[in-house]
Amino acid sequence: MDEQKTAQTRGEAGPGHPSPPPHPRYAQYRLYRLCGATALLLILSGLVHLVVFAVDGGPWNGPVSWRKPVTFGLSFGVTLLAVVRVTSYLRVGPRLRAALLGVFAADCVVEVGGITLQAWRGVPSHLDMETPFDTAVSMTLAVGGGVLVVLLTVFAVASFRHRPTGPAGMALAVRSGFAILLVALASGAAMIARGVVLTRTGHQEAAYDSTASLKPLHGVGLHAVLVLPALAWLLSRTSWSETVRWRIVAAAAGCYAAAVVAAGVWAVLMY
C-alpha cells in the first residue's frame, strides 16, 4: 500500500492505474525546445552548404547556385529562433502560440528542404516548371511562403492588439520588427507572383531576372524582428534608464525603417 502511494506521488502508474497525461505546459516547453533544435539544424545546413560551395565552386548568383541553400538555411534558422523568442513577449494563449510555432517550424523545414533538394539536382528551386516534379516543388514552395505570411501576420496583429511585455523598448522593438517583417514578406510574395505570371506566359528567363529589384527590400526587412528585439534585450542588461533605452530602440527602429524605404525606392527605380 505504501509503495503504491509512493508511486502515485512520483507520478508513476500504480497497479491497474494508467499514467497521468503530461501537463500541457510541459508539452509546450518540449515543442519550443524542438523548434530551437530545428532552427539550429537549419543553420547548420546553411553552413554545411557554404563548405560545399567552397569545395565545389560554381556561381554564387543566379537561379542555380549553392547560394540558395546557404542563405535560406541560415535565414530560416535565424528567423525561427527569433520568432520563438520574440513571440514569448506577445499576449497570446500558450496553446495557440505553440500551435502556430509548430506549423511555422514545419513550414521552415519544407522551404529549406525544397530549396536544398533542387540545388543538389542542379535546377532552380523557384519558378521552375520545366517538368511535373519541378512544378510540384515550385508550387509547394509558393504555398509554403503563403503559409509563412499568414502565420507571421497573426503574430504581428497580436503584437498590435495587446502591448507586448518585456523591458523598456521591447514593445516598440517587437511591433516595429513585425511591421517591417510584413513588408519583407509582401515583397517576397510580389517576387513569386510576378515570376509565376512570366513563367506561365512563356518568359522563363525574364521570370528569374524579375526578382532582382525586390531582393534588397526582401533581405533588409526580413530580420528586423531579430535585430530590434535583440537590441532591446541587450539594453536591458545595462544600467541606463528606461527612457534612454527606449530612445535608443526608437532611433534604431527609425534607421531600420529608413533602410527599408531606401530599398523600396531602389526597387521602384530598378523595376
# chains A, B, ... in the order shown; residues from 1 in each chain; ligands from 1

$ residues_around --residues "A:Trp266" --least-positions-apart "3" --cutoff "10 Å" --atoms "only C-alpha atoms" --output "list in words"
Ser213, Leu214, Pro216, Leu217, Val260, Val261, Ala262, Ala263, Leu269, Met270 and Tyr271 of chain A

$ write_last_selection --atoms "all heavy atoms" --output "PDB file, in the first residue's frame"
ATOM      1  N   SER A 213      15.169  43.235 -58.520  1.00  0.00           N
ATOM      2  CA  SER A 213      14.949  44.568 -57.949  1.00  0.00           C
ATOM      3  C   SER A 213      14.368  44.514 -56.534  1.00  0.00           C
ATOM      4  O   SER A 213      14.580  45.435 -55.733  1.00  0.00           O
ATOM      5  CB  SER A 213      14.024  45.381 -58.854  1.00  0.00           C
ATOM      6  OG  SER A 213      12.748  44.755 -58.955  1.00  0.00           O
ATOM      7  N   LEU A 214      13.638  43.444 -56.210  1.00  0.00           N
ATOM      8  CA  LEU A 214      12.989  43.352 -54.903  1.00  0.00           C
ATOM      9  C   LEU A 214      13.815  42.597 -53.867  1.00  0.00           C
ATOM     10  O   LEU A 214      13.457  42.602 -52.682  1.00  0.00           O
ATOM     11  CB  LEU A 214      11.619  42.669 -55.052  1.00  0.00           C
ATOM     12  CG  LEU A 214      10.510  43.507 -55.686  1.00  0.00           C
ATOM     13  CD1 LEU A 214       9.290  42.646 -55.975  1.00  0.00           C
ATOM     14  CD2 LEU A 214      10.141  44.675 -54.799  1.00  0.00           C
ATOM     15  N   PRO A 216      16.828  43.214 -52.451  1.00  0.00           N
ATOM     16  CA  PRO A 216      17.336  44.008 -51.319  1.00  0.00           C
ATOM     17  C   PRO A 216      16.250  44.352 -50.306  1.00  0.00           C
ATOM     18  O   PRO A 216      16.474  44.274 -49.095  1.00  0.00           O
ATOM     19  CB  PRO A 216      17.896  45.261 -51.999  1.00  0.00           C
ATOM     20  CG  PRO A 216      18.247  44.820 -53.372  1.00  0.00           C
ATOM     21  CD  PRO A 216      17.185  43.832 -53.743  1.00  0.00           C
ATOM     22  N   LEU A 217      15.065  44.742 -50.784  1.00  0.00           N
ATOM     23  CA  LEU A 217      13.963  45.069 -49.881  1.00  0.00           C
ATOM     24  C   LEU A 217      13.570  43.847 -49.059  1.00  0.00           C
ATOM     25  O   LEU A 217      13.348  43.942 -47.848  1.00  0.00           O
ATOM     26  CB  LEU A 217      12.771  45.570 -50.680  1.00  0.00           C
ATOM     27  CG  LEU A 217      11.492  45.873 -49.892  1.00  0.00           C
ATOM     28  CD1 LEU A 217      11.749  46.954 -48.849  1.00  0.00           C
ATOM     29  CD2 LEU A 217      10.376  46.294 -50.834  1.00  0.00           C
ATOM     30  N   VAL A 260      14.668  50.366 -45.081  1.00  0.00           N
ATOM     31  CA  VAL A 260      13.621  49.672 -45.837  1.00  0.00           C
ATOM     32  C   VAL A 260      13.038  50.593 -46.906  1.00  0.00           C
ATOM     33  O   VAL A 260      12.803  50.172 -48.053  1.00  0.00           O
ATOM     34  CB  VAL A 260      12.513  49.171 -44.880  1.00  0.00           C
ATOM     35  CG1 VAL A 260      11.305  48.668 -45.664  1.00  0.00           C
ATOM     36  CG2 VAL A 260      13.058  48.066 -43.986  1.00  0.00           C
ATOM     37  N   VAL A 261      12.808  51.843 -46.554  1.00  0.00           N
ATOM     38  CA  VAL A 261      12.287  52.810 -47.528  1.00  0.00           C
ATOM     39  C   VAL A 261      13.274  52.988 -48.676  1.00  0.00           C
ATOM     40  O   VAL A 261      12.881  53.034 -49.859  1.00  0.00           O
ATOM     41  CB  VAL A 261      11.993  54.156 -46.844  1.00  0.00           C
ATOM     42  CG1 VAL A 261      11.679  55.226 -47.889  1.00  0.00           C
ATOM     43  CG2 VAL A 261      10.834  54.019 -45.869  1.00  0.00           C
ATOM     44  N   ALA A 262      14.565  53.082 -48.351  1.00  0.00           N
ATOM     45  CA  ALA A 262      15.588  53.232 -49.394  1.00  0.00           C
ATOM     46  C   ALA A 262      15.603  52.028 -50.321  1.00  0.00           C
ATOM     47  O   ALA A 262      15.703  52.173 -51.549  1.00  0.00           O
ATOM     48  CB  ALA A 262      16.960  53.426 -48.741  1.00  0.00           C
ATOM     49  N   ALA A 263      15.483  50.827 -49.742  1.00  0.00           N
ATOM     50  CA  ALA A 263      15.444  49.617 -50.567  1.00  0.00           C
ATOM     51  C   ALA A 263      14.192  49.600 -51.436  1.00  0.00           C
ATOM     52  O   ALA A 263      14.220  49.138 -52.588  1.00  0.00           O
ATOM     53  CB  ALA A 263      15.489  48.377 -49.676  1.00  0.00           C
ATOM     54  N   LEU A 269      12.833  52.149 -58.749  1.00  0.00           N
ATOM     55  CA  LEU A 269      13.666  52.710 -59.804  1.00  0.00           C
ATOM     56  C   LEU A 269      14.217  51.646 -60.735  1.00  0.00           C
ATOM     57  O   LEU A 269      14.421  51.889 -61.930  1.00  0.00           O
ATOM     58  CB  LEU A 269      14.824  53.508 -59.183  1.00  0.00           C
ATOM     59  CG  LEU A 269      14.438  54.760 -58.399  1.00  0.00           C
ATOM     60  CD1 LEU A 269      15.660  55.398 -57.768  1.00  0.00           C
ATOM     61  CD2 LEU A 269      13.720  55.758 -59.298  1.00  0.00           C
ATOM     62  N   MET A 270      14.469  50.437 -60.175  1.00  0.00           N
ATOM     63  CA  MET A 270      15.052  49.353 -60.983  1.00  0.00           C
ATOM     64  C   MET A 270      13.998  48.505 -61.667  1.00  0.00           C
ATOM     65  O   MET A 270      14.329  47.611 -62.430  1.00  0.00           O
ATOM     66  CB  MET A 270      15.905  48.472 -60.085  1.00  0.00           C
ATOM     67  CG  MET A 270      17.130  49.156 -59.514  1.00  0.00           C
ATOM     68  SD  MET A 270      18.312  49.676 -60.794  1.00  0.00           S
ATOM     69  CE  MET A 270      18.837  48.087 -61.427  1.00  0.00           C
ATOM     70  N   TYR A 271      12.726  48.749 -61.362  1.00  0.00           N
ATOM     71  CA  TYR A 271      11.665  47.912 -61.939  1.00  0.00           C
ATOM     72  C   TYR A 271      11.577  48.084 -63.461  1.00  0.00           C
ATOM     73  O   TYR A 271      11.593  49.168 -63.963  1.00  0.00           O
ATOM     74  CB  TYR A 271      10.322  48.284 -61.301  1.00  0.00           C
ATOM     75  CG  TYR A 271       9.167  47.490 -61.858  1.00  0.00           C
ATOM     76  CD1 TYR A 271       9.025  46.140 -61.547  1.00  0.00           C
ATOM     77  CD2 TYR A 271       8.244  48.092 -62.704  1.00  0.00           C
ATOM     78  CE1 TYR A 271       7.970  45.401 -62.045  1.00  0.00           C
ATOM     79  CE2 TYR A 271       7.184  47.357 -63.212  1.00  0.00           C
ATOM     80  CZ  TYR A 271       7.046  46.010 -62.898  1.00  0.00           C
ATOM     81  OH  TYR A 271       5.994  45.288 -63.404  1.00  0.00           O
TER      82      TYR A 271
END

$ select_by_dssp --residues "stretch 54-231 of chain A" --states "alpha helix (DSSP H)" --output "PyMOL selection string"
chain A and resi 54-56+67-86+94-121+132-161+170-200+204-209+215-222+224-231

$ residues_around --residues "A:Tyr89" --least-positions-apart "6" --cutoff "7 Å" --atoms "only C-alpha atoms" --output "tab-separated table (two decimals) with N, CA and C atoms, in the first residue's frame"
chain	number	residue	atom	x	y	z
A	164	PRO	N	3.00	44.26	-26.14
A	164	PRO	CA	3.90	43.18	-25.73
A	164	PRO	C	4.55	43.47	-24.38
A	165	THR	N	4.90	42.42	-23.67
A	165	THR	CA	5.57	42.56	-22.39
A	165	THR	C	7.07	42.73	-22.62
A	166	GLY	N	7.82	42.80	-21.53
A	166	GLY	CA	9.27	42.87	-21.64
A	166	GLY	C	9.84	44.17	-21.12

$ closest_residue --among "A:Val83, A:Ala258, A:Ala230, A:Ala136" --to "A:Phe178" --atoms "only C-alpha atoms"
A:Val83

$ residues_around --residues "A:Arg175" --least-positions-apart "6" --cutoff "12 Å" --atoms "only C-alpha atoms" --output "list in words"
Val86, Thr87, Tyr89, Leu90, Leu152, Thr153, Phe155, Ala156, Val157, Ala158, Ser159, Phe160, Arg161, His162, Arg163, Pro164, Thr165, Gly169, Leu181, Leu182, Ala224, Val225, Leu226, Leu228, Pro229, Val249, Ala250 and Ala253 of chain A

$ residues_around --residues "stretch 122-126 of chain A" --least-positions-apart "4" --cutoff "10 Å" --atoms "only C-alpha atoms" --output "PyMOL selection string"
chain A and resi 62-66+68-69+111+114-118+130+134-135+137-142+192+195-196+207-208

$ write_last_selection --atoms "C-alpha atoms" --output "short mmCIF file (atom, residue, chain, number, x, y, z; two decimals), in the first residue's frame"
data_model
loop_
_atom_site.label_atom_id
_atom_site.label_comp_id
_atom_site.auth_asym_id
_atom_site.auth_seq_id
_atom_site.Cartn_x
_atom_site.Cartn_y
_atom_site.Cartn_z
CA GLY A 62 21.77 33.04 -60.44
CA PRO A 63 18.78 30.71 -60.17
CA VAL A 64 21.03 27.64 -59.81
CA SER A 65 23.77 28.03 -57.22
CA TRP A 66 24.81 26.91 -53.75
CA LYS A 68 20.28 29.47 -52.09
CA PRO A 69 20.67 26.55 -49.64
CA GLU A 111 11.01 25.58 -47.57
CA GLY A 114 12.77 22.01 -51.19
CA ILE A 115 15.39 24.64 -52.00
CA THR A 116 18.22 22.32 -50.94
CA LEU A 117 16.80 19.41 -52.95
CA GLN A 118 16.68 21.45 -56.12
CA GLU A 130 10.03 22.54 -66.77
CA ASP A 134 9.84 20.74 -60.67
CA THR A 135 6.41 22.32 -60.91
CA VAL A 137 8.37 21.66 -55.87
CA SER A 138 7.93 25.26 -57.04
CA MET A 139 4.25 25.32 -56.14
CA THR A 140 4.95 23.71 -52.76
CA LEU A 141 7.46 26.45 -52.00
CA ALA A 142 4.98 29.10 -53.15
CA ILE A 192 6.81 34.98 -56.60
CA GLY A 195 7.69 35.35 -61.62
CA VAL A 196 4.81 32.87 -61.87
CA ALA A 207 10.89 35.43 -64.59
CA TYR A 208 14.29 34.73 -63.00
#

$ residues_around --residues "A:Val112" --least-positions-apart "5" --cutoff "10 Å" --atoms "only C-alpha atoms" --output "list in words"
Leu42, Ser45, Gly46, Lys68, Pro69, Val70, Thr71, Phe72, Gly73, Leu74, Ser75, Phe76, Gly77, Asp107, Leu117 and Leu141 of chain A

$ closest_residue --among "A:Ala119, A:Ala184, A:Gly146, A:Leu127" --to "A:Trp60" --atoms "only C-alpha atoms"
A:Ala119

$ atom_distance --atom1 "atom CA of A:Val84" --atom2 "atom CA of A:Tyr29"
11.2 Å

$ atom_distance --atom1 "atom CA of A:Val110" --atom2 "atom CA of A:Gly144"
7.4 Å

$ residues_around --residues "stretch 236-247 of chain A" --least-positions-apart "4" --cutoff "10 Å" --atoms "only C-alpha atoms" --output "compact mmCIF listing (two decimals) with all heavy atoms, in the first residue's frame"
# COMPACT_ATOMS: atom_id res chain seq x y z
N GLY A 166 7.82 42.80 -21.53
CA GLY A 166 9.27 42.87 -21.64
C GLY A 166 9.84 44.17 -21.12
O GLY A 166 9.11 45.05 -20.65
N PRO A 167 11.16 44.32 -21.20
CA PRO A 167 11.83 45.52 -20.68
C PRO A 167 11.53 46.73 -21.53
O PRO A 167 10.85 46.65 -22.56
CB PRO A 167 13.31 45.13 -20.75
CG PRO A 167 13.39 44.11 -21.83
CD PRO A 167 12.11 43.34 -21.75
N ALA A 168 12.06 47.87 -21.11
CA ALA A 168 11.83 49.14 -21.80
C ALA A 168 12.26 49.04 -23.26
O ALA A 168 13.35 48.56 -23.58
CB ALA A 168 12.61 50.25 -21.11
N GLY A 169 11.39 49.47 -24.15
CA GLY A 169 11.68 49.45 -25.57
C GLY A 169 11.32 48.16 -26.27
O GLY A 169 11.30 48.12 -27.51
N MET A 170 11.03 47.09 -25.52
CA MET A 170 10.75 45.81 -26.16
C MET A 170 9.44 45.85 -26.95
O MET A 170 9.36 45.29 -28.04
CB MET A 170 10.70 44.69 -25.11
CG MET A 170 10.49 43.31 -25.72
SD MET A 170 11.81 42.84 -26.87
CE MET A 170 13.15 42.48 -25.73
N ALA A 171 8.42 46.49 -26.39
CA ALA A 171 7.15 46.58 -27.12
C ALA A 171 7.34 47.28 -28.46
O ALA A 171 6.84 46.81 -29.50
CB ALA A 171 6.11 47.31 -26.27
N LEU A 172 8.06 48.38 -28.46
CA LEU A 172 8.34 49.10 -29.71
C LEU A 172 9.16 48.24 -30.66
O LEU A 172 8.90 48.21 -31.87
CB LEU A 172 9.07 50.40 -29.40
CG LEU A 172 9.54 51.22 -30.61
CD1 LEU A 172 8.35 51.66 -31.46
CD2 LEU A 172 10.35 52.44 -30.14
N ALA A 173 10.17 47.54 -30.13
CA ALA A 173 11.03 46.70 -30.95
C ALA A 173 10.24 45.57 -31.60
O ALA A 173 10.41 45.28 -32.80
CB ALA A 173 12.17 46.14 -30.10
N ALA A 230 16.48 42.06 -30.17
CA ALA A 230 17.77 41.72 -29.58
C ALA A 230 18.44 42.96 -28.99
O ALA A 230 19.05 42.91 -27.91
CB ALA A 230 18.68 41.08 -30.64
N LEU A 231 18.30 44.08 -29.69
CA LEU A 231 18.85 45.34 -29.18
C LEU A 231 18.17 45.72 -27.87
O LEU A 231 18.83 46.12 -26.90
CB LEU A 231 18.68 46.45 -30.21
CG LEU A 231 19.07 47.86 -29.76
CD1 LEU A 231 20.55 47.91 -29.42
CD2 LEU A 231 18.72 48.88 -30.85
N ALA A 232 16.84 45.62 -27.82
CA ALA A 232 16.11 45.96 -26.60
C ALA A 232 16.53 45.05 -25.45
O ALA A 232 16.66 45.52 -24.30
CB ALA A 232 14.60 45.85 -26.85
N ALA A 251 15.36 55.09 -32.03
CA ALA A 251 16.29 55.55 -33.07
C ALA A 251 16.68 54.40 -34.00
O ALA A 251 16.75 54.58 -35.23
CB ALA A 251 17.54 56.15 -32.41
N ALA A 252 16.92 53.22 -33.42
CA ALA A 252 17.28 52.06 -34.23
C ALA A 252 16.13 51.66 -35.15
O ALA A 252 16.34 51.34 -36.33
CB ALA A 252 17.67 50.89 -33.33
N ALA A 253 14.91 51.71 -34.62
CA ALA A 253 13.75 51.37 -35.44
C ALA A 253 13.58 52.37 -36.58
O ALA A 253 13.25 52.00 -37.71
CB ALA A 253 12.49 51.33 -34.58

$ closest_residue --among "A:Val51, A:Arg95, A:Leu185, A:Thr211" --to "A:Leu198" --atoms "only C-alpha atoms"
A:Thr211

$ closest_residue --among "A:Val103, A:Val197, A:Val109, A:Ala54" --to "A:Val150" --atoms "only C-alpha atoms"
A:Val103
